[in-house]
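> This one is upload_19.pdb, PDB, C-alpha atoms.
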```pdb
ATOM      1  CA  MET A   1      50.644 111.087  60.249
ATOM      2  CA  GLY A   2      52.309 108.300  62.186
ATOM      3  CA  GLU A   3      54.201 110.484  64.636
ATOM      4  CA  VAL A   4      53.436 107.830  67.251
ATOM      5  CA  SER A   5      52.668 104.196  66.432
ATOM      6  CA  ALA A   6      50.769 101.481  68.291
ATOM      7  CA  ILE A   7      52.957  98.876  66.524
ATOM      8  CA  SER A   8      55.163  97.364  69.241
ATOM      9  CA  TRP A   9      58.349  97.124  67.158
ATOM     10  CA  THR A  10      58.421 100.714  65.900
ATOM     11  CA  ASP A  11      58.072 104.214  67.303
ATOM     12  CA  ALA A  12      56.439 105.831  64.272
ATOM     13  CA  THR A  13      55.251 105.212  60.742
ATOM     14  CA  TRP A  14      56.102 107.368  57.746
ATOM     15  CA  ASN A  15      54.296 107.178  54.442
ATOM     16  CA  PRO A  16      55.815 109.446  51.797
ATOM     17  CA  TRP A  17      53.350 107.807  49.355
ATOM     18  CA  TYR A  18      50.250 105.637  49.462
ATOM     19  CA  GLY A  19      48.846 102.806  47.372
ATOM     20  CA  CYS A  20      50.141  99.467  46.165
ATOM     21  CA  HIS A  21      49.513  96.491  43.878
ATOM     22  CA  LYS A  22      49.105  92.907  45.001
ATOM     23  CA  VAL A  23      52.098  90.732  44.128
ATOM     24  CA  SER A  24      51.630  87.593  46.242
ATOM     25  CA  PRO A  25      49.076  85.727  48.410
ATOM     26  CA  GLY A  26      49.916  87.679  51.578
ATOM     27  CA  CYS A  27      48.684  90.855  49.894
ATOM     28  CA  ALA A  28      45.102  89.604  50.196
ATOM     29  CA  TYR A  29      45.274  90.462  53.908
ATOM     30  CA  CYS A  30      46.923  93.877  53.625
ATOM     31  CA  TYR A  31      45.600  96.458  56.059
ATOM     32  CA  MET A  32      46.315  99.182  53.498
ATOM     33  CA  ASP A  33      43.155  98.100  51.667
ATOM     34  CA  ARG A  34      41.022  98.687  54.758
ATOM     35  CA  TRP A  35      42.748 102.010  55.394
ATOM     36  CA  ALA A  36      42.146 103.092  51.780
ATOM     37  CA  GLU A  37      38.478 102.149  52.016
ATOM     38  CA  ARG A  38      38.027 104.125  55.254
ATOM     39  CA  SER A  39      39.801 107.156  53.805
ATOM     40  CA  GLY A  40      38.049 107.043  50.423
ATOM     41  CA  ARG A  41      41.209 106.249  48.434
ATOM     42  CA  ASP A  42      41.788 103.846  45.575
ATOM     43  CA  PRO A  43      44.257 101.304  47.044
ATOM     44  CA  GLU A  44      45.725 100.636  43.584
ATOM     45  CA  LYS A  45      46.550 104.294  42.891
ATOM     46  CA  VAL A  46      50.016 105.263  44.100
ATOM     47  CA  THR A  47      50.125 108.914  45.116
ATOM     48  CA  PRO A  48      52.623 111.029  47.038
ATOM     49  CA  ALA A  49      51.774 112.293  50.496
ATOM     50  CA  LYS A  50      51.166 115.974  51.075
ATOM     51  CA  GLU A  51      54.274 117.929  52.041
ATOM     52  CA  PRO A  52      53.714 117.962  55.835
ATOM     53  CA  THR A  53      53.583 114.155  55.839
ATOM     54  CA  PHE A  54      56.315 113.663  53.236
ATOM     55  CA  TYR A  55      58.776 115.744  55.268
ATOM     56  CA  ALA A  56      57.535 114.799  58.762
ATOM     57  CA  PRO A  57      60.721 112.996  59.934
ATOM     58  CA  LEU A  58      62.631 116.251  59.506
ATOM     59  CA  ARG A  59      60.499 117.755  62.303
ATOM     60  CA  TRP A  60      60.877 114.839  64.714
ATOM     61  CA  LYS A  61      63.724 115.853  66.995
ATOM     62  CA  ALA A  62      64.052 112.769  69.226
ATOM     63  CA  PRO A  63      65.509 109.643  67.579
ATOM     64  CA  ARG A  64      62.850 107.186  66.414
ATOM     65  CA  VAL A  65      62.556 103.808  64.781
ATOM     66  CA  ILE A  66      60.370 104.517  61.760
ATOM     67  CA  PHE A  67      58.414 101.924  59.794
ATOM     68  CA  THR A  68      58.668 103.381  56.296
ATOM     69  CA  CYS A  69      55.880 103.010  53.717
ATOM     70  CA  SER A  70      53.472 101.020  55.844
ATOM     71  CA  LEU A  71      50.731 101.938  53.333
ATOM     72  CA  SER A  72      52.732 101.178  50.185
ATOM     73  CA  ASP A  73      56.034  99.632  49.144
ATOM     74  CA  PHE A  74      59.123 101.843  49.172
ATOM     75  CA  PHE A  75      60.336 100.206  45.953
ATOM     76  CA  ILE A  76      57.078 100.254  43.962
ATOM     77  CA  GLY A  77      57.668 101.570  40.443
ATOM     78  CA  GLU A  78      55.138 104.397  40.551
ATOM     79  CA  ALA A  79      57.105 106.028  43.383
ATOM     80  CA  ASP A  80      60.253 106.392  41.277
ATOM     81  CA  PRO A  81      59.661 110.152  40.749
ATOM     82  CA  TRP A  82      59.502 110.817  44.521
ATOM     83  CA  ARG A  83      61.944 108.265  45.935
ATOM     84  CA  SER A  84      65.019 110.469  45.550
ATOM     85  CA  GLU A  85      63.387 113.108  47.754
ATOM     86  CA  ALA A  86      62.445 110.423  50.309
ATOM     87  CA  TRP A  87      66.097 109.316  50.365
ATOM     88  CA  ALA A  88      67.008 112.964  50.984
ATOM     89  CA  VAL A  89      64.737 113.024  54.060
ATOM     90  CA  ILE A  90      66.343 109.803  55.323
ATOM     91  CA  ASN A  91      69.818 111.181  54.641
ATOM     92  CA  GLN A  92      69.078 114.402  56.540
ATOM     93  CA  THR A  93      67.832 112.524  59.622
ATOM     94  CA  PRO A  94      70.573 110.103  60.691
ATOM     95  CA  ARG A  95      69.172 110.254  64.232
ATOM     96  CA  HIS A  96      66.264 108.071  63.079
ATOM     97  CA  THR A  97      66.377 104.396  62.116
ATOM     98  CA  TYR A  98      64.301 103.582  59.042
ATOM     99  CA  LEU A  99      62.780 100.134  58.597
ATOM    100  CA  ILE A 100      62.149  99.687  54.881
ATOM    101  CA  LEU A 101      60.072  96.590  54.189
ATOM    102  CA  THR A 102      59.387  95.354  50.653
ATOM    103  CA  LYS A 103      57.838  92.611  48.593
ATOM    104  CA  ARG A 104      59.907  93.908  45.653
ATOM    105  CA  PRO A 105      63.542  93.267  46.639
ATOM    106  CA  GLU A 106      64.504  92.815  42.990
ATOM    107  CA  ARG A 107      64.057  96.597  42.610
ATOM    108  CA  ILE A 108      66.214  97.685  45.546
ATOM    109  CA  ARG A 109      69.510  98.031  43.665
ATOM    110  CA  GLU A 110      68.077 100.261  40.943
ATOM    111  CA  CYS A 111      66.354 102.409  43.573
ATOM    112  CA  LEU A 112      69.285 103.035  45.923
ATOM    113  CA  PRO A 113      70.336 106.635  46.523
ATOM    114  CA  SER A 114      73.127 107.857  44.294
ATOM    115  CA  ARG A 115      73.388 111.625  44.756
ATOM    116  CA  PHE A 116      74.703 111.712  48.323
ATOM    117  CA  LYS A 117      78.248 111.825  49.662
ATOM    118  CA  GLU A 118      77.637 108.994  52.121
ATOM    119  CA  PRO A 119      78.400 105.595  50.631
ATOM    120  CA  TRP A 120      75.797 102.854  50.780
ATOM    121  CA  PRO A 121      74.844 101.183  53.100
ATOM    122  CA  TRP A 122      73.631 103.952  55.356
ATOM    123  CA  PRO A 123      73.801 103.021  59.049
ATOM    124  CA  ASN A 124      70.268 104.289  59.748
ATOM    125  CA  VAL A 125      68.512 102.130  57.115
ATOM    126  CA  ARG A 126      67.367  98.556  57.744
ATOM    127  CA  LEU A 127      66.206  96.607  54.695
ATOM    128  CA  GLY A 128      63.609  93.878  55.041
ATOM    129  CA  ILE A 129      61.343  91.605  53.082
ATOM    130  CA  SER A 130      57.852  90.408  53.750
ATOM    131  CA  ALA A 131      57.505  86.633  53.397
ATOM    132  CA  GLU A 132      54.188  84.951  54.036
ATOM    133  CA  ASN A 133      55.359  81.413  53.263
ATOM    134  CA  ARG A 134      58.490  79.451  52.377
ATOM    135  CA  TYR A 135      57.994  79.935  48.640
ATOM    136  CA  TRP A 136      58.200  83.738  48.952
ATOM    137  CA  LEU A 137      60.951  83.638  51.569
ATOM    138  CA  ASP A 138      63.103  81.567  49.210
ATOM    139  CA  ARG A 139      62.470  83.981  46.333
ATOM    140  CA  ARG A 140      62.829  87.272  48.167
ATOM    141  CA  MET A 141      65.676  86.511  50.582
ATOM    142  CA  PRO A 142      68.368  85.976  47.901
ATOM    143  CA  GLU A 143      67.401  89.270  46.278
ATOM    144  CA  LEU A 144      67.565  91.083  49.616
ATOM    145  CA  LEU A 145      70.980  89.643  50.466
ATOM    146  CA  LYS A 146      72.439  90.936  47.191
ATOM    147  CA  ILE A 147      72.162  94.443  48.638
ATOM    148  CA  PRO A 148      74.464  95.591  51.454
ATOM    149  CA  ALA A 149      72.508  96.833  54.469
ATOM    150  CA  ALA A 150      73.192  97.988  58.003
ATOM    151  CA  GLU A 151      70.799  95.249  59.091
ATOM    152  CA  TYR A 152      68.315  92.919  57.438
ATOM    153  CA  PHE A 153      64.946  91.785  58.720
ATOM    154  CA  VAL A 154      62.011  89.614  57.699
ATOM    155  CA  SER A 155      58.363  90.294  58.380
ATOM    156  CA  ALA A 156      56.453  86.999  58.436
ATOM    157  CA  GLU A 157      53.067  88.632  58.209
ATOM    158  CA  PRO A 158      50.579  87.363  57.438
ATOM    159  CA  LEU A 159      52.105  83.975  58.088
ATOM    160  CA  LEU A 160      50.264  81.641  55.708
ATOM    161  CA  SER A 161      52.502  78.606  56.284
ATOM    162  CA  GLY A 162      55.723  77.709  58.056
ATOM    163  CA  LEU A 163      59.029  79.353  57.239
ATOM    164  CA  ASP A 164      62.411  77.639  57.257
ATOM    165  CA  PHE A 165      65.272  80.048  57.868
ATOM    166  CA  SER A 166      67.960  77.369  58.181
ATOM    167  CA  ARG A 167      69.409  77.920  54.703
ATOM    168  CA  TRP A 168      69.668  81.664  55.360
ATOM    169  CA  LEU A 169      71.285  81.540  58.801
ATOM    170  CA  GLY A 170      75.023  82.026  58.553
ATOM    171  CA  LEU A 171      74.855  84.088  55.380
ATOM    172  CA  VAL A 172      74.784  87.239  57.459
ATOM    173  CA  SER A 173      78.002  87.401  59.430
ATOM    174  CA  ASN A 174      77.599  90.455  61.659
ATOM    175  CA  LYS A 175      75.226  93.146  62.841
ATOM    176  CA  TRP A 176      76.120  95.366  59.893
ATOM    177  CA  GLY A 177      74.603  92.921  57.477
ATOM    178  CA  THR A 178      77.727  91.932  55.593
ATOM    179  CA  ARG A 179      77.476  88.498  54.090
ATOM    180  CA  ALA A 180      79.934  85.781  54.916
ATOM    181  CA  LYS A 181      82.457  85.174  52.130
TER
END
```
Let me see whether you can do it: turn the structure in this file into structure tokens.

Amino acid sequence: MGEVSAISWTDATWNPWYGCHKVSPGCAYCYMDRWAERSGRDPEKVTPAKEPTFYAPLRWKAPRVIFTCSLSDFFIGEADPWRSEAWAVINQTPRHTYLILTKRPERIRECLPSRFKEPWPWPNVRLGISAENRYWLDRRMPELLKIPAAEYFVSAEPLLSGLDFSRWLGLVSNKWGTRAK
């Protein structure tokens, strides 16, 4: 699944698990619900993907930008039993760039990989938040910036009202995502 994507800002999607729970107003417009309905799945039930999908990035030889967990949230609690193995796939494929988007940035620190030799942050992982309005941007951005990352990003989708990034500009000092002191 997702070996090629029609999304303009990514080459592929990878869903090591499916299902999610609504946590904010933007969730009302989530395409995962429509996908779950078409595929006969319960959108609230978080389940791991079958092995061919779970390990798909290992088979992709050419470097790709991969939108990770487009049908769930990488940091959702129910995925805790499988996340370590997903980190292993990411760790074994440094040729790919993984875009990990979340509405749960408060869980990132406790879910970071710990069993690998490479120190965090990994250069092939980009951490991002979804923010549908200023309220959620101002709550999620500070949590995101507590975690070192190769790069940060924000998905303003669905955009329910205007966003003001002015207070966040300047906190990130270089392309590697280190915060200004």
> Run the PyMOL selection byres ((chain A and resi 143) around 12) against the file shown and list the residues it catches, as an mmCIF file with C-alpha atoms, in the coordinates of the input.

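Written file, expr_26.cif:
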```cif
data_model
loop_
_atom_site.group_PDB
_atom_site.id
_atom_site.type_symbol
_atom_site.label_atom_id
_atom_site.label_comp_id
_atom_site.auth_asym_id
_atom_site.auth_seq_id
_atom_site.Cartn_x
_atom_site.Cartn_y
_atom_site.Cartn_z
ATOM 1 C CA THR A 102 59.387 95.354 50.653
ATOM 2 C CA LYS A 103 57.838 92.611 48.593
ATOM 3 C CA ARG A 104 59.907 93.908 45.653
ATOM 4 C CA PRO A 105 63.542 93.267 46.639
ATOM 5 C CA GLU A 106 64.504 92.815 42.990
ATOM 6 C CA ARG A 107 64.057 96.597 42.610
ATOM 7 C CA ILE A 108 66.214 97.685 45.546
ATOM 8 C CA ARG A 109 69.510 98.031 43.665
ATOM 9 C CA LEU A 127 66.206 96.607 54.695
ATOM 10 C CA GLY A 128 63.609 93.878 55.041
ATOM 11 C CA ILE A 129 61.343 91.605 53.082
ATOM 12 C CA TRP A 136 58.200 83.738 48.952
ATOM 13 C CA LEU A 137 60.951 83.638 51.569
ATOM 14 C CA ASP A 138 63.103 81.567 49.210
ATOM 15 C CA ARG A 139 62.470 83.981 46.333
ATOM 16 C CA ARG A 140 62.829 87.272 48.167
ATOM 17 C CA MET A 141 65.676 86.511 50.582
ATOM 18 C CA PRO A 142 68.368 85.976 47.901
ATOM 19 C CA LEU A 144 67.565 91.083 49.616
ATOM 20 C CA LEU A 145 70.980 89.643 50.466
ATOM 21 C CA LYS A 146 72.439 90.936 47.191
ATOM 22 C CA ILE A 147 72.162 94.443 48.638
ATOM 23 C CA PRO A 148 74.464 95.591 51.454
ATOM 24 C CA TYR A 152 68.315 92.919 57.438
#
```
> For Ser84 in chain A, which residue among A:Pro16, A:Pro52, A:Pro43, A:Pro123 is the nearest when counting all atoms listed in the file?
A:Pro16
> Find the residue from A:Glu151, A:Ile76, A:Ser114, A:Lys61 that sits nearest to Arg126 in chain A; use all atoms listed in the file when measuring.
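Closest to Arg126 in chain A of all the choices is A:Glu151.
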> Can you turn the PyMOL selection byres ((chain A and resi 134) around 10) into a concrete residue list for this file, as an MDAnalysis selection string?
chainID A and resid 131:133 135:140 156 159:165
> Quick one: which residues end up in the PyMOL selection byres ((chain A and resi 66) around 8) for this structure, as a tab-separated table (two decimals) with C-alpha atoms, in the frame of the given file?

```tsv
chain	number	residue	atom	x	y	z
A	10	THR	CA	58.42	100.71	65.90
A	11	ASP	CA	58.07	104.21	67.30
A	12	ALA	CA	56.44	105.83	64.27
A	13	THR	CA	55.25	105.21	60.74
A	14	TRP	CA	56.10	107.37	57.75
A	64	ARG	CA	62.85	107.19	66.41
A	65	VAL	CA	62.56	103.81	64.78
A	67	PHE	CA	58.41	101.92	59.79
A	68	THR	CA	58.67	103.38	56.30
A	96	HIS	CA	66.26	108.07	63.08
A	97	THR	CA	66.38	104.40	62.12
A	98	TYR	CA	64.30	103.58	59.04
A	99	LEU	CA	62.78	100.13	58.60
```
> Using all atoms listed in the file, which of the listed residues (A:Glu118, A:Asp80, A:Glu157, A:Glu85) sits closest to Tyr29 in chain A?
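Once distances to Tyr29 in chain A are computed over all atoms listed in the file, the minimum belongs to A:Glu157.
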> What separation in Å, quoted to one decimal, exists between CA of Pro119 in chain A and CA of Trp82 in chain A?
20.5 Å
> Pick out the closest residue to Trp60 in chain A from this set: A:Thr93, A:Leu169, A:Ala149, A:Ser130. Count only C-alpha atoms.
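Closest to Trp60 in chain A of all the choices is A:Thr93.
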> Report as a list in words all protein, DNA and RNA residues lying within 9 Å of Val89 in chain A, evaluated on all atoms listed in the file, omitting residues in the same chain fewer than 5 positions from it.
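Counting only the stated atoms, we get Phe54, Tyr55, Ala56, Pro57, Leu58 and Ser84 of chain A.
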> I need the chosen residues saved as an mmCIF file, in the coordinates of the input, with C-alpha atoms.

```cif
data_model
loop_
_atom_site.group_PDB
_atom_site.id
_atom_site.type_symbol
_atom_site.label_atom_id
_atom_site.label_comp_id
_atom_site.auth_asym_id
_atom_site.auth_seq_id
_atom_site.Cartn_x
_atom_site.Cartn_y
_atom_site.Cartn_z
ATOM 1 C CA PHE A 54 56.315 113.663 53.236
ATOM 2 C CA TYR A 55 58.776 115.744 55.268
ATOM 3 C CA ALA A 56 57.535 114.799 58.762
ATOM 4 C CA PRO A 57 60.721 112.996 59.934
ATOM 5 C CA LEU A 58 62.631 116.251 59.506
ATOM 6 C CA SER A 84 65.019 110.469 45.550
#
```
> So the first atom is CA of Phe74 in chain A and the second is CA of Ile100 in chain A; what is the distance between them in Å, to one decimal place?
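Between these atoms lies a distance of 6.8 Å.
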> For the atom pair CA of Ala28 in chain A and CA of Cys111 in chain A, what is the interatomic distance in Å to one decimal place?
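Atom-to-atom, CA of Ala28 in chain A and CA of Cys111 in chain A are spaced 25.7 Å apart.
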> Once you've located range 145-173 of chain A in the structure I gave, write it as a PDB file, in the first residue's frame, keeping N, CA and C atoms.

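To be explicit, this is the file written out as part-v4.pdb:
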```pdb
ATOM      1  N   LEU A 145       8.246  21.418  19.725  1.00  0.00           N
ATOM      2  CA  LEU A 145       9.578  22.022  19.809  1.00  0.00           C
ATOM      3  C   LEU A 145      10.384  21.569  21.017  1.00  0.00           C
ATOM      4  N   LYS A 146       9.774  20.835  21.924  1.00  0.00           N
ATOM      5  CA  LYS A 146      10.516  20.245  23.048  1.00  0.00           C
ATOM      6  C   LYS A 146      11.368  19.065  22.589  1.00  0.00           C
ATOM      7  N   ILE A 147      11.051  18.538  21.416  1.00  0.00           N
ATOM      8  CA  ILE A 147      11.710  17.331  20.915  1.00  0.00           C
ATOM      9  C   ILE A 147      12.680  17.710  19.809  1.00  0.00           C
ATOM     10  N   PRO A 148      13.951  17.345  19.912  1.00  0.00           N
ATOM     11  CA  PRO A 148      14.872  17.612  18.803  1.00  0.00           C
ATOM     12  C   PRO A 148      14.414  16.848  17.553  1.00  0.00           C
ATOM     13  N   ALA A 149      14.585  17.479  16.401  1.00  0.00           N
ATOM     14  CA  ALA A 149      14.205  16.842  15.139  1.00  0.00           C
ATOM     15  C   ALA A 149      15.110  17.344  14.030  1.00  0.00           C
ATOM     16  N   ALA A 150      15.291  16.514  13.014  1.00  0.00           N
ATOM     17  CA  ALA A 150      16.061  16.934  11.847  1.00  0.00           C
ATOM     18  C   ALA A 150      15.393  18.143  11.213  1.00  0.00           C
ATOM     19  N   GLU A 151      14.086  18.087  11.105  1.00  0.00           N
ATOM     20  CA  GLU A 151      13.279  19.211  10.631  1.00  0.00           C
ATOM     21  C   GLU A 151      11.897  19.101  11.250  1.00  0.00           C
ATOM     22  N   TYR A 152      11.247  20.249  11.373  1.00  0.00           N
ATOM     23  CA  TYR A 152       9.867  20.313  11.845  1.00  0.00           C
ATOM     24  C   TYR A 152       8.979  20.749  10.688  1.00  0.00           C
ATOM     25  N   PHE A 153       7.696  20.409  10.789  1.00  0.00           N
ATOM     26  CA  PHE A 153       6.736  20.922   9.818  1.00  0.00           C
ATOM     27  C   PHE A 153       5.363  21.008  10.462  1.00  0.00           C
ATOM     28  N   VAL A 154       4.497  21.793   9.822  1.00  0.00           N
ATOM     29  CA  VAL A 154       3.115  21.946  10.272  1.00  0.00           C
ATOM     30  C   VAL A 154       2.213  21.665   9.091  1.00  0.00           C
ATOM     31  N   SER A 155       1.191  20.860   9.328  1.00  0.00           N
ATOM     32  CA  SER A 155       0.146  20.633   8.349  1.00  0.00           C
ATOM     33  C   SER A 155      -1.070  21.433   8.808  1.00  0.00           C
ATOM     34  N   ALA A 156      -1.462  22.416   8.029  1.00  0.00           N
ATOM     35  CA  ALA A 156      -2.621  23.251   8.354  1.00  0.00           C
ATOM     36  C   ALA A 156      -3.808  22.731   7.552  1.00  0.00           C
ATOM     37  N   GLU A 157      -4.256  21.538   7.953  1.00  0.00           N
ATOM     38  CA  GLU A 157      -5.275  20.859   7.165  1.00  0.00           C
ATOM     39  C   GLU A 157      -6.137  20.011   8.084  1.00  0.00           C
ATOM     40  N   PRO A 158      -7.422  20.195   8.089  1.00  0.00           N
ATOM     41  CA  PRO A 158      -8.144  21.224   7.347  1.00  0.00           C
ATOM     42  C   PRO A 158      -8.003  22.561   8.061  1.00  0.00           C
ATOM     43  N   LEU A 159      -7.811  23.590   7.331  1.00  0.00           N
ATOM     44  CA  LEU A 159      -7.639  24.920   7.908  1.00  0.00           C
ATOM     45  C   LEU A 159      -9.023  25.474   8.249  1.00  0.00           C
ATOM     46  N   LEU A 160      -9.328  25.527   9.552  1.00  0.00           N
ATOM     47  CA  LEU A 160     -10.642  25.973  10.000  1.00  0.00           C
ATOM     48  C   LEU A 160     -10.674  27.463  10.315  1.00  0.00           C
ATOM     49  N   SER A 161      -9.516  28.045  10.579  1.00  0.00           N
ATOM     50  CA  SER A 161      -9.391  29.491  10.784  1.00  0.00           C
ATOM     51  C   SER A 161      -7.926  29.854  10.596  1.00  0.00           C
ATOM     52  N   GLY A 162      -7.637  31.141  10.606  1.00  0.00           N
ATOM     53  CA  GLY A 162      -6.279  31.597  10.341  1.00  0.00           C
ATOM     54  C   GLY A 162      -5.269  31.129  11.379  1.00  0.00           C
ATOM     55  N   LEU A 163      -4.039  30.993  10.932  1.00  0.00           N
ATOM     56  CA  LEU A 163      -2.933  30.632  11.814  1.00  0.00           C
ATOM     57  C   LEU A 163      -1.957  31.800  11.876  1.00  0.00           C
ATOM     58  N   ASP A 164      -1.366  31.999  13.038  1.00  0.00           N
ATOM     59  CA  ASP A 164      -0.359  33.039  13.212  1.00  0.00           C
ATOM     60  C   ASP A 164       0.927  32.364  13.668  1.00  0.00           C
ATOM     61  N   PHE A 165       1.895  32.318  12.762  1.00  0.00           N
ATOM     62  CA  PHE A 165       3.169  31.659  13.067  1.00  0.00           C
ATOM     63  C   PHE A 165       4.203  32.620  13.643  1.00  0.00           C
ATOM     64  N   SER A 166       3.875  33.887  13.793  1.00  0.00           N
ATOM     65  CA  SER A 166       4.877  34.881  14.165  1.00  0.00           C
ATOM     66  C   SER A 166       5.578  34.559  15.485  1.00  0.00           C
ATOM     67  N   ARG A 167       4.866  34.032  16.458  1.00  0.00           N
ATOM     68  CA  ARG A 167       5.524  33.732  17.738  1.00  0.00           C
ATOM     69  C   ARG A 167       6.445  32.512  17.650  1.00  0.00           C
ATOM     70  N   TRP A 168       6.284  31.709  16.597  1.00  0.00           N
ATOM     71  CA  TRP A 168       7.091  30.502  16.459  1.00  0.00           C
ATOM     72  C   TRP A 168       8.291  30.707  15.550  1.00  0.00           C
ATOM     73  N   LEU A 169       8.244  31.701  14.691  1.00  0.00           N
ATOM     74  CA  LEU A 169       9.382  31.978  13.805  1.00  0.00           C
ATOM     75  C   LEU A 169      10.550  32.440  14.650  1.00  0.00           C
ATOM     76  N   GLY A 170      11.730  31.987  14.341  1.00  0.00           N
ATOM     77  CA  GLY A 170      12.903  32.352  15.120  1.00  0.00           C
ATOM     78  C   GLY A 170      13.237  31.357  16.213  1.00  0.00           C
ATOM     79  N   LEU A 171      12.296  30.524  16.598  1.00  0.00           N
ATOM     80  CA  LEU A 171      12.611  29.500  17.595  1.00  0.00           C
ATOM     81  C   LEU A 171      13.429  28.373  16.995  1.00  0.00           C
ATOM     82  N   VAL A 172      13.269  28.163  15.712  1.00  0.00           N
ATOM     83  CA  VAL A 172      14.040  27.144  15.013  1.00  0.00           C
ATOM     84  C   VAL A 172      15.166  27.867  14.302  1.00  0.00           C
ATOM     85  N   SER A 173      16.407  27.518  14.642  1.00  0.00           N
ATOM     86  CA  SER A 173      17.528  28.322  14.170  1.00  0.00           C
ATOM     87  C   SER A 173      18.204  27.787  12.917  1.00  0.00           C
TER      88      SER A 173
END
```
